[in-house]
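*Asks:* Before I ask anything, here is the structure I am working with.
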Number of protein chains: 2
Amino acid sequence: MADSVTRIMVAVNESSMKGYPHPSISSKGAFEWTVEKIIHNNVSAFNLLFLHVQVPDEDGFDDMDSIYASPEDFKNLHQRERVRGIHLLEYFVNRCHEIGVVCQAWIMQGDPKEVICHEVQRLRPDILVVGSRGLGPFQKVFVGTVSEFCWKHAECPVITIKRKPDETPQDPVDD
Amino acid sequence: MADSVTRIMVAVNESSMKGYPHPSISSKGAFEWTVEKIIHNNVSAFNLLFLHVQVPDEDGFDDMDSIYASPEDFKNLHQRERVRGIHLLEYFVNRCHEIGVVCQAWIMQGDPKEVICHEVQRLRPDILVVGSRGLGPFQKVFVGTVSEFCWKHAECPVITIKRKPDETPQDPVDD
């Protein structure tokens with residue numbers, strides 16, 4: 001049997017309800033599922049790669065109350081957003097440290113589904129794990145699904161982990 | 001970390017080119033991938049469940065040269081088909097025995113995609129692994145894909161393993 005390490009890429013995002021630095025229910029679920037069902041205690045056989053994709057806030061919606069007086073202010077805006085993303089990744093890196101799994105984590109900007117597939121192509125993980133809100137076909141039309149796109153286009157096997165029924169908020173679009 | 005055993009259901013079928021008892025390229029690939037990338041040497045943490053679904057041969061196409069003279073002959077036909085299926089499963093059970101993974105294997109009759117999803121509902125595995133020929137959208141229209149149906153409908157995380165490019169026969173519909 002091969003002794004090579006299995007590299008699992010896990011796409012993670014922030015909670016749509018609680019915001020940074022809280023991970024979304026489905027990211028957290030996908031990570032814990034991977035540890036419990038695949039890694040078990042065989043920690044040296046796996047590496048985890050955490051990718052967080054930030055969607056550029058083109059409308060500046062999240063910063064409506066800020067005042068911009070110089071180019072420096074905009075630089076600070078990007079910087080702040082990046083720092084928030086780093087704190088999200090901190091959650092997963094800390095969990096890996098507790099468990100004893102080697103990991104790395106990084107942030108990219110862009111359309112999550114495209115960036116994830118591009119990073120799979122670049123880094124060639126053995127498995128991509130994506131959490132999913134498990135929305136019905138009607139809700140999918142409006143919110144899109146990263147998991148379905150990745151399942152079709154990522155150049156490696158993809159595992160989609162749906163949220164547990166008891167973790168699903170009243171409005172399933174929340175996460 | 002949980003110590004419970006992860007139950008992986010692997011859907012397997014016979015080679016469309018070589019017939020029974022040879023496993024299809026994608027079934028064999030999906031199984032070997034699971035062993036190499038997920039199980040590693042941690043054999044006691046996993047159970048494998050091999051499901052082979054036989055499509056009832058309603059046209060009797062495979063037995064065109066046989067002569068049927070009594071109800072007994074038809075019974076023999078079903079019996080022979082079942083025995084062929086058992087020899088396919090033997091391949092996977094033998095491999096598990098070599099590796100040291102606990103497994104079970106069984107045969108069902110019906111539409112593979114529906115039977116697989118039904119068996120997932122009945123047996124509640126942690127993961128379903130399905131091989132895929134990785135056909136393009138044009139070929140999919142004609143041959144259908146079990147993997148896509150299972151990904152959408154099976155009540156557990158699904159991993160689809162596409163064939164390696166170097167194992168793909170000239171006509172990708174062959175397997």
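Just remember, in the structure tokens the first chain shown is A, the second B, etc., residues are 1-based per chain, and ligands are 1-based in the order shown.
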Based on only C-alpha atoms, which of the residues in chain A come within 10 Å of chain B? I want them as an MDAnalysis selection string.

*Replies:* chainID A and resid 1:8 32:33 35:42 45:46 99 126:129 134 148 151:152 155:162

*Asks:* For Val93 in chain B, work out the shell of residues within 12 Å, counting only C-alpha atoms and skipping chain neighbours fewer than 6 positions away, then give it as a list in words.

*Replies:* Val10, Val12, Phe31, Asn47, Leu48, Leu49, Phe50, Leu51, Ile86, His87, Ile99, Gly100, Val101, Val102, Cys103, Gln104, Ala105 and Trp106 of chain B

*Asks:* Go ahead and dump the residues you just picked, N, CA, C and O atoms, as an mmCIF file, in the first residue's frame.

*Replies:*
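Below is the file that was written, again-v7.cif:
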```
data_model
loop_
_atom_site.group_PDB
_atom_site.id
_atom_site.type_symbol
_atom_site.label_atom_id
_atom_site.label_comp_id
_atom_site.auth_asym_id
_atom_site.auth_seq_id
_atom_site.Cartn_x
_atom_site.Cartn_y
_atom_site.Cartn_z
ATOM 1 N N VAL B 10 -18.858 1.121 -1.940
ATOM 2 C CA VAL B 10 -18.270 1.276 -3.274
ATOM 3 C C VAL B 10 -19.182 0.553 -4.264
ATOM 4 O O VAL B 10 -19.434 -0.650 -4.121
ATOM 5 N N VAL B 12 -19.765 -1.133 -7.672
ATOM 6 C CA VAL B 12 -18.864 -1.739 -8.671
ATOM 7 C C VAL B 12 -19.660 -2.404 -9.785
ATOM 8 O O VAL B 12 -20.770 -2.879 -9.575
ATOM 9 N N PHE B 31 -11.880 1.803 -6.405
ATOM 10 C CA PHE B 31 -11.478 0.996 -5.245
ATOM 11 C C PHE B 31 -10.023 1.261 -4.874
ATOM 12 O O PHE B 31 -9.700 1.536 -3.709
ATOM 13 N N ASN B 47 -14.486 0.051 7.006
ATOM 14 C CA ASN B 47 -15.168 -1.126 6.455
ATOM 15 C C ASN B 47 -15.569 -0.787 5.025
ATOM 16 O O ASN B 47 -16.000 0.337 4.765
ATOM 17 N N LEU B 48 -15.431 -1.734 4.132
ATOM 18 C CA LEU B 48 -15.860 -1.496 2.758
ATOM 19 C C LEU B 48 -17.098 -2.330 2.434
ATOM 20 O O LEU B 48 -17.173 -3.513 2.791
ATOM 21 N N LEU B 49 -18.048 -1.697 1.783
ATOM 22 C CA LEU B 49 -19.296 -2.365 1.397
ATOM 23 C C LEU B 49 -19.388 -2.315 -0.128
ATOM 24 O O LEU B 49 -19.520 -1.229 -0.694
ATOM 25 N N PHE B 50 -19.275 -3.463 -0.773
ATOM 26 C CA PHE B 50 -19.311 -3.484 -2.242
ATOM 27 C C PHE B 50 -20.706 -3.849 -2.728
ATOM 28 O O PHE B 50 -21.212 -4.941 -2.433
ATOM 29 N N LEU B 51 -21.282 -2.961 -3.478
ATOM 30 C CA LEU B 51 -22.607 -3.210 -4.049
ATOM 31 C C LEU B 51 -22.478 -3.346 -5.558
ATOM 32 O O LEU B 51 -21.931 -2.463 -6.228
ATOM 33 N N ILE B 86 -21.288 -12.764 -8.739
ATOM 34 C CA ILE B 86 -20.550 -13.176 -7.536
ATOM 35 C C ILE B 86 -19.044 -13.222 -7.842
ATOM 36 O O ILE B 86 -18.229 -12.798 -7.027
ATOM 37 N N HIS B 87 -18.702 -13.670 -9.050
ATOM 38 C CA HIS B 87 -17.281 -13.729 -9.403
ATOM 39 C C HIS B 87 -16.677 -12.332 -9.539
ATOM 40 O O HIS B 87 -15.499 -12.127 -9.270
ATOM 41 N N ILE B 99 -5.344 -6.864 1.705
ATOM 42 C CA ILE B 99 -4.997 -5.598 2.363
ATOM 43 C C ILE B 99 -5.288 -5.668 3.861
ATOM 44 O O ILE B 99 -4.622 -4.998 4.657
ATOM 45 N N GLY B 100 -6.292 -6.457 4.223
ATOM 46 C CA GLY B 100 -6.664 -6.571 5.633
ATOM 47 C C GLY B 100 -7.804 -5.664 6.058
ATOM 48 O O GLY B 100 -7.919 -5.318 7.234
ATOM 49 N N VAL B 101 -8.647 -5.287 5.103
ATOM 50 C CA VAL B 101 -9.814 -4.446 5.427
ATOM 51 C C VAL B 101 -11.048 -5.340 5.517
ATOM 52 O O VAL B 101 -11.278 -6.174 4.639
ATOM 53 N N VAL B 102 -11.843 -5.126 6.550
ATOM 54 C CA VAL B 102 -13.107 -5.858 6.676
ATOM 55 C C VAL B 102 -14.045 -5.375 5.580
ATOM 56 O O VAL B 102 -14.137 -4.178 5.309
ATOM 57 N N CYS B 103 -14.734 -6.302 4.923
ATOM 58 C CA CYS B 103 -15.648 -5.894 3.858
ATOM 59 C C CYS B 103 -16.848 -6.809 3.786
ATOM 60 O O CYS B 103 -16.871 -7.878 4.397
ATOM 61 N N GLN B 104 -17.854 -6.358 3.067
ATOM 62 C CA GLN B 104 -18.959 -7.226 2.680
ATOM 63 C C GLN B 104 -19.370 -6.829 1.279
ATOM 64 O O GLN B 104 -19.101 -5.705 0.841
ATOM 65 N N ALA B 105 -20.008 -7.775 0.579
ATOM 66 C CA ALA B 105 -20.347 -7.525 -0.813
ATOM 67 C C ALA B 105 -21.671 -8.192 -1.115
ATOM 68 O O ALA B 105 -21.959 -9.265 -0.577
ATOM 69 N N TRP B 106 -22.480 -7.582 -1.932
ATOM 70 C CA TRP B 106 -23.775 -8.185 -2.288
ATOM 71 C C TRP B 106 -24.254 -7.681 -3.642
ATOM 72 O O TRP B 106 -23.750 -6.696 -4.163
#
```

*Asks:* I'd like the superposed chain B, fitted onto chain A by least squares over all Cα atoms in order, as a CSV table (one decimal) with C-alpha atoms, in the first residue's frame.

*Replies:*
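Done, and the output landed in out-v9.csv:
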```csv
chain,number,residue,atom,x,y,z
B,1,MET,CA,-0.1,0.0,0.0
B,2,ALA,CA,1.2,3.5,-0.7
B,3,ASP,CA,2.7,5.5,2.1
B,4,SER,CA,2.4,8.8,0.4
B,5,VAL,CA,0.6,11.6,2.2
B,6,THR,CA,-2.9,12.4,1.0
B,7,ARG,CA,-3.4,16.2,0.5
B,8,ILE,CA,-6.9,17.3,1.1
B,9,MET,CA,-7.9,20.8,0.1
B,10,VAL,CA,-10.8,22.3,2.2
B,11,ALA,CA,-12.5,25.4,0.9
B,12,VAL,CA,-13.7,27.5,3.8
B,13,ASN,CA,-15.7,30.7,4.2
B,14,GLU,CA,-17.0,33.0,6.9
B,15,SER,CA,-20.4,32.7,8.6
B,16,SER,CA,-23.0,34.7,6.6
B,17,MET,CA,-24.9,35.3,9.9
B,18,LYS,CA,-22.1,36.1,12.3
B,19,GLY,CA,-19.5,37.3,9.9
B,20,TYR,CA,-15.7,37.2,10.4
B,21,PRO,CA,-13.9,35.5,12.2
B,22,HIS,CA,-16.6,32.9,12.6
B,23,PRO,CA,-16.5,30.0,10.1
B,24,SER,CA,-19.7,29.1,8.3
B,25,ILE,CA,-21.7,26.1,9.6
B,26,SER,CA,-20.9,24.2,6.4
B,27,SER,CA,-17.2,24.9,6.4
B,28,LYS,CA,-16.9,23.9,10.0
B,29,GLY,CA,-19.0,20.8,9.3
B,30,ALA,CA,-16.9,19.8,6.3
B,31,PHE,CA,-13.7,20.1,8.2
B,32,GLU,CA,-14.9,18.1,11.3
B,33,TRP,CA,-16.4,15.5,9.0
B,34,THR,CA,-13.0,15.1,7.2
B,35,VAL,CA,-11.2,14.7,10.5
B,36,GLU,CA,-13.7,12.2,11.9
B,37,LYS,CA,-14.5,10.1,8.9
B,38,ILE,CA,-11.3,10.2,6.8
B,39,ILE,CA,-8.3,11.1,9.0
B,40,HIS,CA,-9.2,9.3,12.2
B,41,ASN,CA,-6.0,9.0,14.2
B,42,ASN,CA,-3.8,8.5,11.2
B,43,VAL,CA,-2.7,12.2,11.3
B,44,SER,CA,0.7,11.7,9.6
B,45,ALA,CA,-0.9,10.3,6.4
B,46,PHE,CA,-2.8,13.6,5.7
B,47,ASN,CA,-2.0,17.2,4.9
B,48,LEU,CA,-4.8,19.8,5.0
B,49,LEU,CA,-4.8,22.8,2.7
B,50,PHE,CA,-7.3,25.5,3.7
B,51,LEU,CA,-8.3,27.9,1.0
B,52,HIS,CA,-10.4,31.0,1.7
B,53,VAL,CA,-11.6,33.0,-1.2
B,54,GLN,CA,-12.7,36.6,-0.6
B,55,VAL,CA,-15.2,38.1,-3.0
B,56,PRO,CA,-14.0,41.7,-3.8
B,57,ASP,CA,-16.6,44.0,-2.2
B,58,GLU,CA,-17.1,46.2,-5.3
B,59,ASP,CA,-20.1,48.0,-3.9
B,60,GLY,CA,-18.3,48.8,-0.7
B,61,PHE,CA,-21.4,47.7,1.0
B,62,ASP,CA,-19.7,46.4,4.1
B,63,ASP,CA,-18.0,49.8,4.6
B,64,MET,CA,-20.9,52.2,4.0
B,65,ASP,CA,-20.3,54.0,7.3
B,66,SER,CA,-16.6,54.6,6.7
B,67,ILE,CA,-15.2,57.9,5.3
B,68,TYR,CA,-12.6,57.8,2.5
B,69,ALA,CA,-10.4,60.8,2.2
B,70,SER,CA,-7.2,59.5,0.7
B,71,PRO,CA,-5.9,56.6,-1.4
B,72,GLU,CA,-4.4,55.4,1.9
B,73,ASP,CA,-8.0,54.8,3.3
B,74,PHE,CA,-8.7,52.4,0.4
B,75,LYS,CA,-5.5,50.5,1.1
B,76,ASN,CA,-6.6,50.2,4.7
B,77,LEU,CA,-9.9,48.8,3.6
B,78,HIS,CA,-8.2,45.9,1.7
B,79,GLN,CA,-5.9,45.4,4.5
B,80,ARG,CA,-8.7,45.1,7.1
B,81,GLU,CA,-10.6,42.7,4.9
B,82,ARG,CA,-7.4,40.5,4.6
B,83,VAL,CA,-6.9,40.6,8.4
B,84,ARG,CA,-10.5,39.4,8.9
B,85,GLY,CA,-9.8,36.5,6.5
B,86,ILE,CA,-6.6,35.6,8.3
B,87,HIS,CA,-8.6,35.3,11.6
B,88,LEU,CA,-11.0,32.9,9.9
B,89,LEU,CA,-8.1,30.7,8.8
B,90,GLU,CA,-6.7,30.9,12.3
B,91,TYR,CA,-9.7,28.9,13.5
B,92,PHE,CA,-8.8,26.0,11.2
B,93,VAL,CA,-5.1,26.1,11.7
B,94,ASN,CA,-5.6,26.0,15.5
B,95,ARG,CA,-7.9,23.0,15.2
B,96,CYS,CA,-5.3,21.2,13.1
B,97,HIS,CA,-2.6,22.0,15.6
B,98,GLU,CA,-4.7,20.5,18.4
B,99,ILE,CA,-5.3,17.4,16.3
B,100,GLY,CA,-1.7,17.1,15.1
B,101,VAL,CA,-2.3,17.4,11.3
B,102,VAL,CA,0.1,19.3,9.2
B,103,CYS,CA,-1.7,22.1,7.3
B,104,GLN,CA,-1.4,25.3,5.4
B,105,ALA,CA,-3.9,28.0,4.8
B,106,TRP,CA,-4.1,31.0,2.4
B,107,ILE,CA,-6.4,33.7,1.1
B,108,MET,CA,-7.3,34.4,-2.5
B,109,GLN,CA,-9.5,37.1,-4.1
B,110,GLY,CA,-12.1,36.4,-6.8
B,111,ASP,CA,-15.1,34.3,-7.7
B,112,PRO,CA,-14.9,31.4,-5.1
B,113,LYS,CA,-15.9,28.6,-7.5
B,114,GLU,CA,-13.4,29.7,-10.2
B,115,VAL,CA,-10.6,30.4,-7.8
B,116,ILE,CA,-11.1,27.0,-6.1
B,117,CYS,CA,-10.9,25.1,-9.4
B,118,HIS,CA,-7.9,27.1,-10.4
B,119,GLU,CA,-6.1,26.4,-7.1
B,120,VAL,CA,-6.9,22.7,-7.5
B,121,GLN,CA,-5.2,22.8,-11.0
B,122,ARG,CA,-2.2,24.6,-9.5
B,123,LEU,CA,-1.7,22.6,-6.4
B,124,ARG,CA,-3.1,19.2,-7.4
B,125,PRO,CA,-4.6,18.0,-4.1
B,126,ASP,CA,-5.8,14.4,-3.9
B,127,ILE,CA,-9.3,15.4,-2.7
B,128,LEU,CA,-11.2,18.7,-2.6
B,129,VAL,CA,-13.7,19.0,0.3
B,130,VAL,CA,-16.5,21.6,0.0
B,131,GLY,CA,-19.2,22.3,2.4
B,132,SER,CA,-22.7,22.8,1.1
B,133,ARG,CA,-25.8,24.4,2.5
B,134,GLY,CA,-27.9,21.7,0.8
B,135,LEU,CA,-30.3,24.2,-0.8
B,136,GLY,CA,-33.2,23.0,-2.9
B,137,PRO,CA,-33.3,23.7,-6.7
B,138,PHE,CA,-35.3,26.9,-6.2
B,139,GLN,CA,-32.9,28.5,-3.8
B,140,LYS,CA,-29.9,27.4,-5.9
B,141,VAL,CA,-31.1,29.6,-8.8
B,142,PHE,CA,-30.5,32.7,-6.7
B,143,VAL,CA,-27.5,31.9,-4.6
B,144,GLY,CA,-25.6,29.6,-7.0
B,145,THR,CA,-23.7,26.7,-5.6
B,146,VAL,CA,-19.9,26.5,-5.4
B,147,SER,CA,-20.1,22.8,-4.7
B,148,GLU,CA,-21.9,21.8,-7.9
B,149,PHE,CA,-19.5,23.9,-10.0
B,150,CYS,CA,-16.5,22.3,-8.3
B,151,TRP,CA,-17.9,18.8,-8.6
B,152,LYS,CA,-18.2,19.3,-12.4
B,153,HIS,CA,-15.0,21.3,-13.1
B,154,ALA,CA,-12.4,20.6,-10.4
B,155,GLU,CA,-9.6,18.3,-11.7
B,156,CYS,CA,-9.6,16.0,-8.6
B,157,PRO,CA,-12.2,14.0,-6.7
B,158,VAL,CA,-14.6,16.2,-4.8
B,159,ILE,CA,-16.5,15.5,-1.6
B,160,THR,CA,-19.5,17.7,-0.8
B,161,ILE,CA,-20.5,17.7,2.8
B,162,LYS,CA,-24.0,19.0,3.4
B,163,ARG,CA,-24.9,20.5,6.8
B,164,LYS,CA,-26.5,18.3,9.4
B,165,PRO,CA,-30.3,18.8,9.5
B,166,ASP,CA,-30.0,19.9,13.2
B,167,GLU,CA,-27.5,22.6,12.3
B,168,THR,CA,-29.5,24.1,9.5
B,169,PRO,CA,-30.8,27.6,10.4
B,170,GLN,CA,-34.5,28.5,9.9
B,171,ASP,CA,-33.6,30.1,6.5
B,172,PRO,CA,-31.4,27.6,4.7
B,173,VAL,CA,-29.7,30.4,2.8
B,174,ASP,CA,-28.1,31.5,6.2
B,175,ASP,CA,-24.9,29.7,7.0
```

*Asks:* Could you give me, as a list in words, each residue of range 2-39 of chain B that DSSP assigns to strand (DSSP E) when run on this structure's backbone?

*Replies:*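 Secondary structure check on range 2-39 of chain B, strand (DSSP E): Thr6, Arg7, Ile8, Met9, Val10, Ala11, Val12, Glu14, Ser15, Gly19, Tyr20, Pro21, His22 and Pro23 of chain B.
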
*Asks:* Could you please take those selected residues and save N, CA, C and O atoms as a short mmCIF file (atom, residue, chain, number, x, y, z; two decimals), in the first residue's frame?

*Replies:*
```
data_model
loop_
_atom_site.label_atom_id
_atom_site.label_comp_id
_atom_site.auth_asym_id
_atom_site.auth_seq_id
_atom_site.Cartn_x
_atom_site.Cartn_y
_atom_site.Cartn_z
N THR B 6 -15.29 4.02 9.81
CA THR B 6 -15.92 4.68 8.67
C THR B 6 -16.34 3.62 7.66
O THR B 6 -15.52 2.83 7.20
N ARG B 7 -17.63 3.63 7.32
CA ARG B 7 -18.15 2.64 6.38
C ARG B 7 -18.25 3.26 4.99
O ARG B 7 -18.99 4.20 4.78
N ILE B 8 -17.47 2.72 4.08
CA ILE B 8 -17.43 3.26 2.72
C ILE B 8 -18.12 2.29 1.76
O ILE B 8 -17.69 1.14 1.63
N MET B 9 -19.19 2.75 1.13
CA MET B 9 -19.86 1.91 0.13
C MET B 9 -19.24 2.20 -1.24
O MET B 9 -19.08 3.36 -1.62
N VAL B 10 -18.86 1.12 -1.94
CA VAL B 10 -18.27 1.28 -3.27
C VAL B 10 -19.18 0.55 -4.26
O VAL B 10 -19.43 -0.65 -4.12
N ALA B 11 -19.69 1.30 -5.23
CA ALA B 11 -20.53 0.69 -6.25
C ALA B 11 -19.62 0.16 -7.35
O ALA B 11 -18.79 0.90 -7.88
N VAL B 12 -19.77 -1.13 -7.67
CA VAL B 12 -18.86 -1.74 -8.67
C VAL B 12 -19.66 -2.40 -9.78
O VAL B 12 -20.77 -2.88 -9.58
N GLU B 14 -19.19 -4.63 -13.86
CA GLU B 14 -18.30 -5.44 -14.69
C GLU B 14 -17.80 -4.61 -15.88
O GLU B 14 -18.40 -3.62 -16.25
N SER B 15 -16.70 -5.07 -16.46
CA SER B 15 -16.13 -4.39 -17.62
C SER B 15 -17.08 -4.50 -18.81
O SER B 15 -17.58 -5.58 -19.11
N GLY B 19 -16.42 -8.03 -20.06
CA GLY B 19 -17.52 -8.77 -19.41
C GLY B 19 -17.10 -9.37 -18.07
O GLY B 19 -15.98 -9.15 -17.60
N TYR B 20 -18.03 -10.13 -17.48
CA TYR B 20 -17.73 -10.81 -16.21
C TYR B 20 -16.58 -11.78 -16.41
O TYR B 20 -16.44 -12.35 -17.49
N PRO B 21 -15.79 -12.09 -15.39
CA PRO B 21 -15.84 -11.53 -14.03
C PRO B 21 -14.98 -10.28 -13.87
O PRO B 21 -14.72 -9.86 -12.77
N HIS B 22 -14.55 -9.69 -14.98
CA HIS B 22 -13.62 -8.56 -14.90
C HIS B 22 -14.33 -7.28 -14.44
O HIS B 22 -15.35 -6.91 -14.99
N PRO B 23 -13.73 -6.59 -13.44
CA PRO B 23 -14.32 -5.32 -13.03
C PRO B 23 -14.07 -4.25 -14.08
O PRO B 23 -13.09 -4.33 -14.83
#
```

*Asks:* Select from chain A everything DSSP, run on the backbone, classes as helix (DSSP H, G or I), then give the selection as number ranges by chain.

*Replies:* A: 25-39, 43-45, 61-63, 71-99, 112-123, 137-143, 146-153, 165-167
